[in-house]
Each structure stands twice: as C-alpha cells, then as structure tokens.
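Notes follow once the structure below has been shown.
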Amino acid sequence: MGGLFGALTTSAGALKVFDQALDTVTNNVANAGTPGYASQNFTIQAQPFDPAVGLPGGIAAGEIQSSRDEYLEQAVRQDQQSFGQADQTVTELSNVQPLFDVTGNSGIPAALDAFFQSFSALSVSPNDAVARSTVLSSADSLAQQFNGAAAGLSNASTSLNTEISGTVATINGLTQQISQLNTQLKDDPGSRTDPAVDANLHNALESLSGYVNITALWQPDGSVNVLMDGQTPLVMGDTQYALQAATASGAAAIEDSSGDDVTAQVAGGRLAALVDMQNTVLPGFSNSLNQLAAGVADQVNNALLNGVDQSGNAGAQMFRYDNASDAASTMQVTGITTDEIAAALPSAPGGNGNALTLAALDNSPQLDGMTFTDFYSNLASQVGQSLDSAKEDQTTQQDLLNQAQTTRSNTEGVSLDQEATQMIEFQRAYQATADVVSTVDNLTETLINMMTVTT
C-alpha cells in the first residue's frame, strides 16, 4: 500500500513539474516577437531514490535558465553605437549638401560666373550705362548668394543645437528608465529572474547605445551601472546622473551632472555625430565659405581701387563685409553708383583696361592656388565626398549591426519549431504521468475494495 501511495505522490509531483514546463514554453511562444526577450529554458532535476530511507525518487523543477548571452549583447550595443553615429552623420550632411551646388548652374558658382561675365561685357562697352548697371546687379546677386549659403549653414547650426538638446534629453530618459529598473531589481529579488524586467533592461541599454558610447557593468543583484566612455557615470545602482547640453555659445558642449565639460568623452552614437557636425564639420564649411566671400570681395575691391571711374576719379570699393570670420553672411554691395565703377586704368581714362583686369580675376588663381570657381567646387566636393563616405559607412555599419543582431537572435531568440517540439514532449510526458496516476488510483481503489471484502 505504501508503495502505491509513494508512486501516487511522485507522479502528482511530476504533473506539477510538467505543468510548469508547459507554462515556460507557452511564455516563450507568447513573447517570440517581444523586443529584447531572451528564451527561457526549463530544467528538470531527478530526485534521490532510496525507499529504505523514505526517498521515493521522482522529479523536481530545476532553475529556469535564460539564454541571454552578455557577450552577444555587448557586440550588438557596440554596432548599434557605430551605426547610430554613421546614420546621424548621413542625416546632417544630407541637410547641408543642397546648400552647395556642384553643377555650377545655380547658387554661388552661377552668380560668380554671371558677375565676372558682366565685367567682360563692360570691357566691350566701358561707358555703357546698361553694362554698368548689369555689373552692380550681378554684384548684388552674388552677395545675396553668399548671404543665403551662410544663412543655410547658420540654420543648420541652430537645428543641430536643438537636436543635441533633444538627444541629451532622450539619453537622460533612457538612463532614468535603467535606474528605475535597477531599483526594482534591488527592492524585489524575485524580479531578478523575471524575463520581462530582463528584456526591458537590455532594450534600454541597446537603445541608449545608439545615442552615446556606453560601458555596462553588471552587478551581483542583476542591476547594471552605466558609464559614458567608461568614465562618466550615467547610472550607478538606482541613481541617475543626467547629462546637460550647453549650446548657448554656438559650439556645443556636453556636461555631466556636476556641470563639468565631458564633451571629449562623447565618442560614439548619434550624440557624437551631432557634436562633431556642430563643432568641427559645419565650422569647416563656414570657414571656407567665408574665405571665398572675403577673397572675392577683397580682390575685386583692390582692382577697382587701382582704376578710375567715368569722371577720372580713383575707383571706389564695390563690396563690404564686417569681419573675415563672417564675410559670407555680411557681404553686401556698397553705395557705389554706376558711374563710379572704375572700368578704366589711370593711364587710359575712359578705357576698358581695368574692366579687363576684373574679368580676368575669374580665370586666375586667387585662393590657395585656385580660381574662385575652383575653390568653390573644391568646397562643394568636400561636402559631397563627406556625404558619400558617410553613406558607405552607414551601409557597412548597418550590415554589421544586422549580422550581430542575427547572431544574437539565433542564440537568444525563441525558435517556434524548438518550442513546438518541447511542447509535444512535455504534453506527452504529462499525459503519460497522468496515466500512471490513473492506474495507481485504480489499483489503490481495487486494493481498498479487496481489503474491505476480506474484512
């Protein structure tokens, strides 16, 4: 009789184990499409069997093991960081490229061509009022083109400041989420084996890595400390250390929670791309544009000052700007009148000597050994080449990220085929155990009936 009761007890315990196993499989299937979810593996342990000392054997539920692989997670975060930086760079350069026409059919190159062509036409008829008016009109158009390009870069800079502040806010939102999950892990030990908490924590880390370069340091209680560039704390246990964006001075600076400048530590993710664009790339484009604007204005003004106008007076300047550092944005035509344009040389008043000199500026090296048009073409090419290079990097990093995510998915993801196989196995084991319980129950009932009849 005791043997039957022992068999019944172990079989009932097995039913509970298989029921838990089926719950685990069901949970895996239900979360197959949940971002960040790592499949859970149910383990079964054999119980000691020694009837002589009252050990009936059977099985017990073992530890539920997560398929999470932190090495693969780190690889994904690293590639996410690189892709975020490349992708953001493409976005920002794509916004800037339209400001620089590489065809020569519009914008500054077209205006430069029209401007020097007007001097060429003036050299044919140096005293023609229409030709002189055309020179002033084309000069004004050229100044406006420089103003427009400079305004476009300025607007891009303003947008970058907004994006940098928004990105820092996003980073702070994610680090706050991580600190809250750390608090949950600290206060509720049961959550340390909760796959939903685990998924949320890894999702937040992966999202964060797309915005800034981070180092994740796992703690014994399942929480994670997060450092930017392995140096600046962003999350320590349940405490968040928020970053700050300082953009009022034009150049962007990233500060830690104490207000210290940690910009040099921003080396990856979308924030790095934005800061580099604001502090290095755009200023480089602006400097070249200002150099060109100042070069055109200075060379034209110098040539005009060496000539004489229609009245035989010394020539007057045609352009003015505030400073060499903002020549493109402040460039404009002076109050020069049509008869004050110095088309002639002092040695030949009323002639076209100086108009020829001015027209020749278009085809002679003036800036860094290049013509004005070539200098601009070089600048536009730099923008285009930077964008092309960024797009290539974006494609490469996307491929690497996809590969890392696929490798992780193959290890951690839910395989519906595998889960279906396990479900069938556990269902059959459950049914077989249920049959044992039914058989033992019948035997017990029969034995009881026999004992009753005997009595």
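Lettering and numbering for the structure tokens are positional, with chains as A, B, ... in the shown order, residues counted from 1 in each chain, and ligands counted from 1 in the shown order.
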Next on the checklist: Report as a list in words all protein, DNA and RNA residues lying within 8 Å of segment 391-404 of chain A, evaluated on only C-alpha atoms, omitting residues in the same chain fewer than 6 positions from it.
Outcome noted: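 My list of contacting residues is Leu72, Ala75, Val76, Asp79, Gln80, Ser82, Phe83, Ala86, Asp87 and Val90 of chain A.
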Strand (DSSP E or B) residues, from DSSP on the backbone, in segment 112-268 of chain A, as a compact mmCIF listing (two decimals) with C-alpha atoms, in the first residue's frame:
```
# COMPACT_ATOMS: atom_id res chain seq x y z
CA ILE A 214 28.47 53.44 -23.01
CA THR A 215 30.04 50.77 -20.85
CA ALA A 216 27.66 48.45 -18.97
CA LEU A 217 28.93 46.94 -15.72
CA TRP A 218 26.68 44.21 -14.32
CA VAL A 224 23.74 47.48 -14.15
CA ASN A 225 25.98 50.52 -13.80
CA VAL A 226 26.33 52.61 -16.93
CA LEU A 227 29.31 54.83 -17.75
CA MET A 228 29.83 57.08 -20.74
CA THR A 232 31.41 59.46 -16.68
CA PRO A 233 28.66 57.84 -14.56
CA LEU A 234 25.21 57.87 -16.13
CA VAL A 235 23.61 55.29 -13.84
CA MET A 236 25.03 53.89 -10.62
CA THR A 239 20.87 56.72 -9.01
CA GLN A 240 20.77 58.54 -12.35
CA GLN A 244 23.42 68.52 -19.82
CA ALA A 245 23.74 70.24 -23.19
CA ALA A 246 25.39 73.66 -23.30
CA ALA A 253 29.42 71.22 -25.01
CA ILE A 254 28.20 68.21 -23.06
CA GLU A 255 28.38 68.47 -19.30
CA ASP A 261 32.68 69.52 -19.51
```
Next on the checklist: I'd like the neighbourhood of Glu73 of chain A as a ChimeraX atom specification, where a residue qualifies if any of its atoms comes within 9 Å (using only C-alpha atoms), though same-chain residues fewer than 6 positions away should be ignored.
Outcome noted: /A:202,206,404-405,408
Same residues, C-alpha atoms, saved as a compact mmCIF listing (two decimals), in the first residue's frame:
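This is the output file part.txt:
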```txt
# COMPACT_ATOMS: atom_id res chain seq x y z
CA HIS A 202 18.52 45.16 -22.19
CA GLU A 206 20.59 48.84 -26.60
CA ALA A 404 25.26 40.95 -34.78
CA GLN A 405 21.52 41.02 -34.17
CA ARG A 408 22.15 37.12 -31.04
```
Item to check | Per-residue DSSP, segment 22-205 of chain A, filtered to alpha helix (DSSP H), as a ChimeraX atom specification | outcome: /A:22-30,70-96,107-124,129-187,195-205
Next on the checklist: Can you tell me which residues surround Ser120 of chain A at a distance of at most 10 Å, considering only C-alpha atoms, apart from same-chain residues fewer than 2 positions away, and format the answer as a ChimeraX atom specification?
Outcome noted: /A:114-118,122-126,131,135,352,355-360
Next on the checklist: Rounded to one decimal, what separation in Å do you get between atom CA of Gln81 of chain A and atom CA of Ser209 of chain A?
Outcome noted: 5.0 Å
Item to check | Å distance separating atom CA of Arg77 of chain A from atom CA of Leu201 of chain A, one decimal place | outcome: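 Pair atom CA of Arg77 of chain A / atom CA of Leu201 of chain A returns 12.8 Å.
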Return as a Markdown table the residues of segment 93-209 of chain A lying at most 8 Å from segment 363-384 of chain A, together with the closest atom-to-atom pair for each and the distance in Å to one decimal, counting only C-alpha atoms, with rows in chain order and ascending residue number.
```
| residue | atom | partner | partner_atom | distance |
| --- | --- | --- | --- | --- |
| A:Leu93 | CA | A:Val383 | CA | 7.4 |
| A:Val96 | CA | A:Val383 | CA | 7.9 |
| A:Gln97 | CA | A:Val383 | CA | 6.2 |
| A:Phe100 | CA | A:Ala380 | CA | 5.3 |
| A:Asp101 | CA | A:Ala380 | CA | 6.7 |
| A:Val102 | CA | A:Ala380 | CA | 5.9 |
| A:Pro109 | CA | A:Thr373 | CA | 6.1 |
| A:Leu112 | CA | A:Thr373 | CA | 7.3 |
```
Item to check | Which of A:Ala196, A:Ala264, A:Ala60, A:Leu305 sits closest to Ala46 of chain A [using only C-alpha atoms] | outcome: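 Once distances to Ala46 of chain A are computed over only C-alpha atoms, the minimum belongs to A:Ala60.
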Item to check | Option closest in space to Asp256 of chain A, from A:Asn172, A:Thr34, A:Asn279, A:Gln145 [counting only C-alpha atoms] | outcome: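 Looking at the shortest contact to Asp256 of chain A, the residue is A:Asn172.
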